[in-house]
Amino acid sequence: MGRQLSPACLVLIVGLLTASQPAAAWNAAGHRLSAAIAWRLMSQPLREGVGKVLANHPDHAVWLKRSSTLDPAYAAFLEASTWPDDIKRDKRFHDADEAETPLLPGFSDMARHRNWHHVDHPLGPSTKRERSNGELDTRLADLIENVGSDTAGNDQRAISLSWLIHLVADMHQPLHVVSRYNEEGQSDDGGNAFSIDNPFHPRRRSMTLHSYWDDLPGPPWLRGQRLEAAASSLMTLEKNPPTAGTIRQWINESRQLAENVAYSGLNEETPTLTASYHEKALQTARERVALAGKRLALLLEKLLIPASVPRGTLNR
């Protein structure tokens, strides 16, 4: 029998084994890892509250059928974390430039809302910058209000919670808050139009900078014991309890990391990533995924635990 890898090694290695996926957000592994970390920090009353809300989601029964997790509340929480990306491949839903699909019970609309996943603050020398159609910041603020509201419909509150879990993680991906512009005013679309040579991928060297960063947390299939081992490793990155912060703070952090890490040294056309760049990117991605999970737990505690219950009840 082969020697088992440590959780720390697993997190570093699985980032190299990702399959080709369209660039969208942290891949499924990144979102599940943030959710798994948040769940570990959540108190039992908060877990029960989250499970109660998500039980009203129109796709809740489907989530439980495809999950091997025994705890239905945790299973729903993990599945909800990837649901806003899952619907991009779901024929029940439609893109903005497509004919509307039939409205199904429990949903207020069937749009995929691709522009909710990003907001592109400009980087670069050009003053000829197009206005971004990304709505990550404004939508996240609306979702926080909806999840915290007692008057929202049960199914709509469950859908809002799913989006909230997902977008908190998206906000911590540096290339989801910026686009780099050249002197002619052309945008690289958050790294989606910026090709790189990645010698650290075992099968696919040619990719975009955005897809490279999306895949850093691990392979999309990461689940079960491997997911839990990776989450345990990430939990140890920062011992000090994080502050929840604000949406503006999250954006500013990601923007600085985009400028100082994600785009650092990548000035030529189709640059080849160096070992030092790759090591720094892996570490940054791990830290951001972990921080997103910790902040998500703090945010949900504020939104879903009644004001009569003393704060600070997370499992720190």
# chains A, B, ... in the order shown; residues from 1 in each chain; ligands from 1
>>> residues_around(residues="A:Ala141", least_positions_apart="3", cutoff="12 Å", atoms="only C-alpha atoms", output="ChimeraX atom specification")
/A:116,135-138,144-148,160,163-164,167-168,171,246-248,299
>>> residues_around(residues="A:Ala285", least_positions_apart="5", cutoff="12 Å", atoms="only C-alpha atoms", output="ChimeraX atom specification")
/A:11-12,15,26-27,29-31,33-34,169-170,172-175,212-218,234,237,254,257-258,261-262,278-280,290-292
>>> write_last_selection(atoms="N, CA and C atoms", output="CSV table (one decimal), in the first residue's frame")
chain,number,residue,atom,x,y,z
A,11,VAL,N,-3.2,19.6,-0.4
A,11,VAL,CA,-3.7,20.8,-0.9
A,11,VAL,C,-2.7,21.4,-1.9
A,12,LEU,N,-1.4,21.2,-1.7
A,12,LEU,CA,-0.5,21.8,-2.7
A,12,LEU,C,-0.5,21.0,-4.0
A,15,GLY,N,-3.8,21.1,-6.6
A,15,GLY,CA,-3.9,22.2,-7.5
A,15,GLY,C,-3.3,22.0,-8.9
A,26,TRP,N,-13.6,30.6,-8.4
A,26,TRP,CA,-12.9,29.5,-7.8
A,26,TRP,C,-13.7,28.2,-8.3
A,27,ASN,N,-12.9,27.2,-8.7
A,27,ASN,CA,-13.7,26.0,-9.1
A,27,ASN,C,-14.4,25.4,-8.0
A,29,ALA,N,-13.8,22.9,-6.1
A,29,ALA,CA,-13.0,22.6,-4.9
A,29,ALA,C,-12.9,23.8,-4.0
A,30,GLY,N,-12.6,25.0,-4.6
A,30,GLY,CA,-12.4,26.2,-3.8
A,30,GLY,C,-13.7,26.6,-3.1
A,31,HIS,N,-14.8,26.4,-3.7
A,31,HIS,CA,-16.1,26.8,-3.0
A,31,HIS,C,-16.4,25.7,-1.9
A,33,LEU,N,-14.3,24.0,-0.3
A,33,LEU,CA,-13.3,24.1,0.8
A,33,LEU,C,-13.7,25.3,1.7
A,34,SER,N,-14.1,26.4,1.1
A,34,SER,CA,-14.6,27.6,1.9
A,34,SER,C,-15.8,27.2,2.8
A,169,ALA,N,-17.1,33.6,-1.4
A,169,ALA,CA,-15.8,33.0,-1.9
A,169,ALA,C,-15.3,33.7,-3.2
A,170,ASP,N,-16.2,34.0,-4.1
A,170,ASP,CA,-15.8,34.6,-5.3
A,170,ASP,C,-15.1,36.0,-5.1
A,172,HIS,N,-13.2,36.7,-2.8
A,172,HIS,CA,-11.8,36.5,-2.3
A,172,HIS,C,-10.9,36.0,-3.4
A,173,GLN,N,-11.4,35.8,-4.6
A,173,GLN,CA,-10.5,35.4,-5.7
A,173,GLN,C,-10.1,36.7,-6.4
A,174,PRO,N,-8.8,37.0,-6.3
A,174,PRO,CA,-8.3,38.3,-6.8
A,174,PRO,C,-8.7,38.7,-8.2
A,175,LEU,N,-8.8,37.7,-9.1
A,175,LEU,CA,-9.2,38.1,-10.5
A,175,LEU,C,-10.7,38.2,-10.7
A,212,TYR,N,-6.1,29.5,-14.5
A,212,TYR,CA,-5.0,29.0,-13.6
A,212,TYR,C,-5.3,29.4,-12.2
A,213,TRP,N,-5.8,30.6,-11.9
A,213,TRP,CA,-6.1,31.0,-10.5
A,213,TRP,C,-7.3,30.3,-10.0
A,214,ASP,N,-8.3,30.1,-10.8
A,214,ASP,CA,-9.6,29.4,-10.4
A,214,ASP,C,-9.3,28.0,-9.9
A,215,ASP,N,-8.3,27.3,-10.6
A,215,ASP,CA,-8.0,25.9,-10.3
A,215,ASP,C,-7.0,25.7,-9.2
A,216,LEU,N,-6.4,26.7,-8.6
A,216,LEU,CA,-5.4,26.6,-7.6
A,216,LEU,C,-5.9,25.8,-6.4
A,217,PRO,N,-7.1,26.0,-5.9
A,217,PRO,CA,-7.5,25.3,-4.6
A,217,PRO,C,-7.5,23.8,-4.7
A,218,GLY,N,-7.7,23.3,-5.9
A,218,GLY,CA,-7.7,21.8,-6.0
A,218,GLY,C,-8.6,21.4,-7.2
A,234,LEU,N,-6.1,23.8,5.6
A,234,LEU,CA,-6.3,25.2,5.4
A,234,LEU,C,-6.6,25.9,6.7
A,237,LEU,N,-3.8,27.7,8.6
A,237,LEU,CA,-3.0,28.8,8.0
A,237,LEU,C,-2.9,30.1,8.9
A,254,SER,N,-8.6,41.9,-2.4
A,254,SER,CA,-8.4,41.1,-3.6
A,254,SER,C,-7.8,41.9,-4.7
A,257,LEU,N,-4.1,42.1,-4.1
A,257,LEU,CA,-3.4,40.8,-4.4
A,257,LEU,C,-3.4,40.6,-5.9
A,258,ALA,N,-4.4,41.0,-6.7
A,258,ALA,CA,-4.3,40.9,-8.1
A,258,ALA,C,-3.2,41.7,-8.7
A,261,VAL,N,0.3,40.2,-6.8
A,261,VAL,CA,0.6,38.7,-6.9
A,261,VAL,C,0.2,38.2,-8.2
A,262,ALA,N,-1.1,38.3,-8.5
A,262,ALA,CA,-1.6,37.6,-9.7
A,262,ALA,C,-1.0,38.1,-11.0
A,278,HIS,N,4.5,30.5,-9.0
A,278,HIS,CA,3.6,29.4,-8.7
A,278,HIS,C,3.5,29.1,-7.2
A,279,GLU,N,4.6,29.1,-6.5
A,279,GLU,CA,4.5,28.9,-5.1
A,279,GLU,C,3.7,30.0,-4.4
A,280,LYS,N,4.0,31.3,-4.8
A,280,LYS,CA,3.3,32.4,-4.2
A,280,LYS,C,1.8,32.4,-4.5
A,290,ALA,N,-9.4,30.0,2.7
A,290,ALA,CA,-9.6,29.8,4.1
A,290,ALA,C,-10.2,31.0,4.7
A,291,LEU,N,-9.7,32.2,4.3
A,291,LEU,CA,-10.3,33.4,4.9
A,291,LEU,C,-11.7,33.6,4.5
A,292,ALA,N,-12.1,33.3,3.3
A,292,ALA,CA,-13.5,33.4,2.8
A,292,ALA,C,-14.4,32.5,3.7
>>> closest_residue(among="A:Ile305, A:Ser276, A:Ala297, A:Val177", to="A:Trp250", atoms="only C-alpha atoms")
A:Val177
>>> residues_around(residues="A:Asp95", least_positions_apart="3", cutoff="10 Å", atoms="only C-alpha atoms", output="short mmCIF file (atom, residue, chain, number, x, y, z; two decimals) with all heavy atoms, in the first residue's frame")
data_model
loop_
_atom_site.label_atom_id
_atom_site.label_comp_id
_atom_site.auth_asym_id
_atom_site.auth_seq_id
_atom_site.Cartn_x
_atom_site.Cartn_y
_atom_site.Cartn_z
N LYS A 88 -24.89 27.11 -14.58
CA LYS A 88 -24.35 27.55 -15.87
C LYS A 88 -24.42 26.44 -16.91
O LYS A 88 -24.38 26.71 -18.11
CB LYS A 88 -22.90 28.02 -15.70
CG LYS A 88 -22.74 29.25 -14.83
CD LYS A 88 -21.28 29.57 -14.60
CE LYS A 88 -21.11 30.77 -13.69
NZ LYS A 88 -19.68 31.05 -13.40
N GLU A 98 -30.08 34.69 -24.34
CA GLU A 98 -30.88 33.56 -24.80
C GLU A 98 -32.35 33.77 -24.49
O GLU A 98 -32.72 34.60 -23.64
CB GLU A 98 -30.40 32.26 -24.13
CG GLU A 98 -28.98 31.86 -24.45
CD GLU A 98 -28.53 30.64 -23.68
OE1 GLU A 98 -29.13 30.34 -22.62
OE2 GLU A 98 -27.60 29.98 -24.14
N ALA A 99 -33.19 33.02 -25.16
CA ALA A 99 -34.62 33.05 -24.86
C ALA A 99 -34.85 32.55 -23.43
O ALA A 99 -34.18 31.62 -22.98
CB ALA A 99 -35.39 32.19 -25.85
N GLU A 100 -35.79 33.16 -22.75
CA GLU A 100 -36.07 32.77 -21.37
C GLU A 100 -36.64 31.35 -21.32
O GLU A 100 -37.46 30.97 -22.14
CB GLU A 100 -37.05 33.75 -20.73
CG GLU A 100 -36.48 35.14 -20.52
CD GLU A 100 -37.41 36.02 -19.69
OE1 GLU A 100 -38.41 35.48 -19.15
OE2 GLU A 100 -37.12 37.22 -19.58
N THR A 101 -36.17 30.60 -20.35
CA THR A 101 -36.69 29.25 -20.15
C THR A 101 -37.90 29.31 -19.21
O THR A 101 -38.08 30.29 -18.48
CB THR A 101 -35.61 28.35 -19.54
OG1 THR A 101 -35.04 29.00 -18.39
CG2 THR A 101 -34.49 28.09 -20.56
N MET A 110 -35.25 32.30 -13.98
CA MET A 110 -34.41 31.17 -14.39
C MET A 110 -33.13 31.67 -15.06
O MET A 110 -32.50 30.94 -15.84
CB MET A 110 -35.18 30.25 -15.34
CG MET A 110 -36.50 29.73 -14.79
SD MET A 110 -36.37 28.89 -13.19
CE MET A 110 -35.43 27.45 -13.65
N ALA A 111 -32.72 32.88 -14.75
CA ALA A 111 -31.50 33.44 -15.33
C ALA A 111 -30.27 32.89 -14.61
O ALA A 111 -30.31 32.62 -13.40
CB ALA A 111 -31.51 34.96 -15.24
N ARG A 112 -29.19 32.74 -15.36
CA ARG A 112 -27.95 32.22 -14.77
C ARG A 112 -27.16 33.32 -14.05
O ARG A 112 -26.29 33.02 -13.24
CB ARG A 112 -27.08 31.59 -15.87
CG ARG A 112 -27.68 30.32 -16.46
CD ARG A 112 -26.70 29.60 -17.35
NE ARG A 112 -27.24 28.32 -17.81
CZ ARG A 112 -27.62 28.06 -19.06
NH1 ARG A 112 -27.49 29.01 -19.99
NH2 ARG A 112 -28.08 26.89 -19.39
N HIS A 113 -27.42 34.55 -14.36
CA HIS A 113 -26.79 35.69 -13.68
C HIS A 113 -25.27 35.59 -13.66
O HIS A 113 -24.63 35.73 -12.61
CB HIS A 113 -27.32 35.81 -12.25
CG HIS A 113 -28.80 36.04 -12.16
ND1 HIS A 113 -29.42 37.14 -12.72
CD2 HIS A 113 -29.80 35.29 -11.59
CE1 HIS A 113 -30.73 37.08 -12.49
NE2 HIS A 113 -30.98 35.97 -11.82
N ARG A 114 -24.68 35.38 -14.80
CA ARG A 114 -23.22 35.25 -14.88
C ARG A 114 -22.49 36.50 -14.40
O ARG A 114 -21.37 36.41 -13.88
CB ARG A 114 -22.80 34.93 -16.31
CG ARG A 114 -23.21 33.53 -16.79
CD ARG A 114 -22.76 33.28 -18.20
NE ARG A 114 -23.25 32.00 -18.72
CZ ARG A 114 -22.58 30.86 -18.65
NH1 ARG A 114 -21.38 30.84 -18.08
NH2 ARG A 114 -23.08 29.75 -19.15
#
>>> residues_around(residues="A:Val50", least_positions_apart="2", cutoff="10 Å", atoms="only C-alpha atoms", output="number ranges by chain")
A: 39, 42, 44-48, 52-55, 73-74, 76-77, 158, 161, 300-301, 304-305
>>> atom_distance(atom1="atom CA of A:Gly191", atom2="atom CA of A:Asp97")
22.7 Å
>>> select_by_dssp(residues="stretch 68-242 of chain A", states="alpha helix (DSSP H)", output="PyMOL selection string")
chain A and resi 72-86+136-147+154-171+209-214+224-235
>>> residues_around(residues="A:Leu266", least_positions_apart="6", cutoff="10 Å", atoms="only C-alpha atoms", output="JSON, numbers by chain")
{"A": [194, 196, 209, 272, 273, 277]}
>>> residues_around(residues="A:Ser232", least_positions_apart="2", cutoff="10 Å", atoms="only C-alpha atoms", output="list in words")
Pro7, Ala8, Val11, Leu33, Ala36, Ile37, Arg40, Arg226, Leu227, Glu228, Ala229, Ala230, Leu234, Met235, Thr236, Leu237 and Ala290 of chain A
>>> residues_around(residues="A:Asn133", least_positions_apart="4", cutoff="8 Å", atoms="only C-alpha atoms", output="PyMOL selection string")
chain A and resi 115+119-120
>>> closest_residue(among="A:Lys91, A:Ile251, A:Ala61, A:Leu70", to="A:His118", atoms="only C-alpha atoms")
A:Ile251
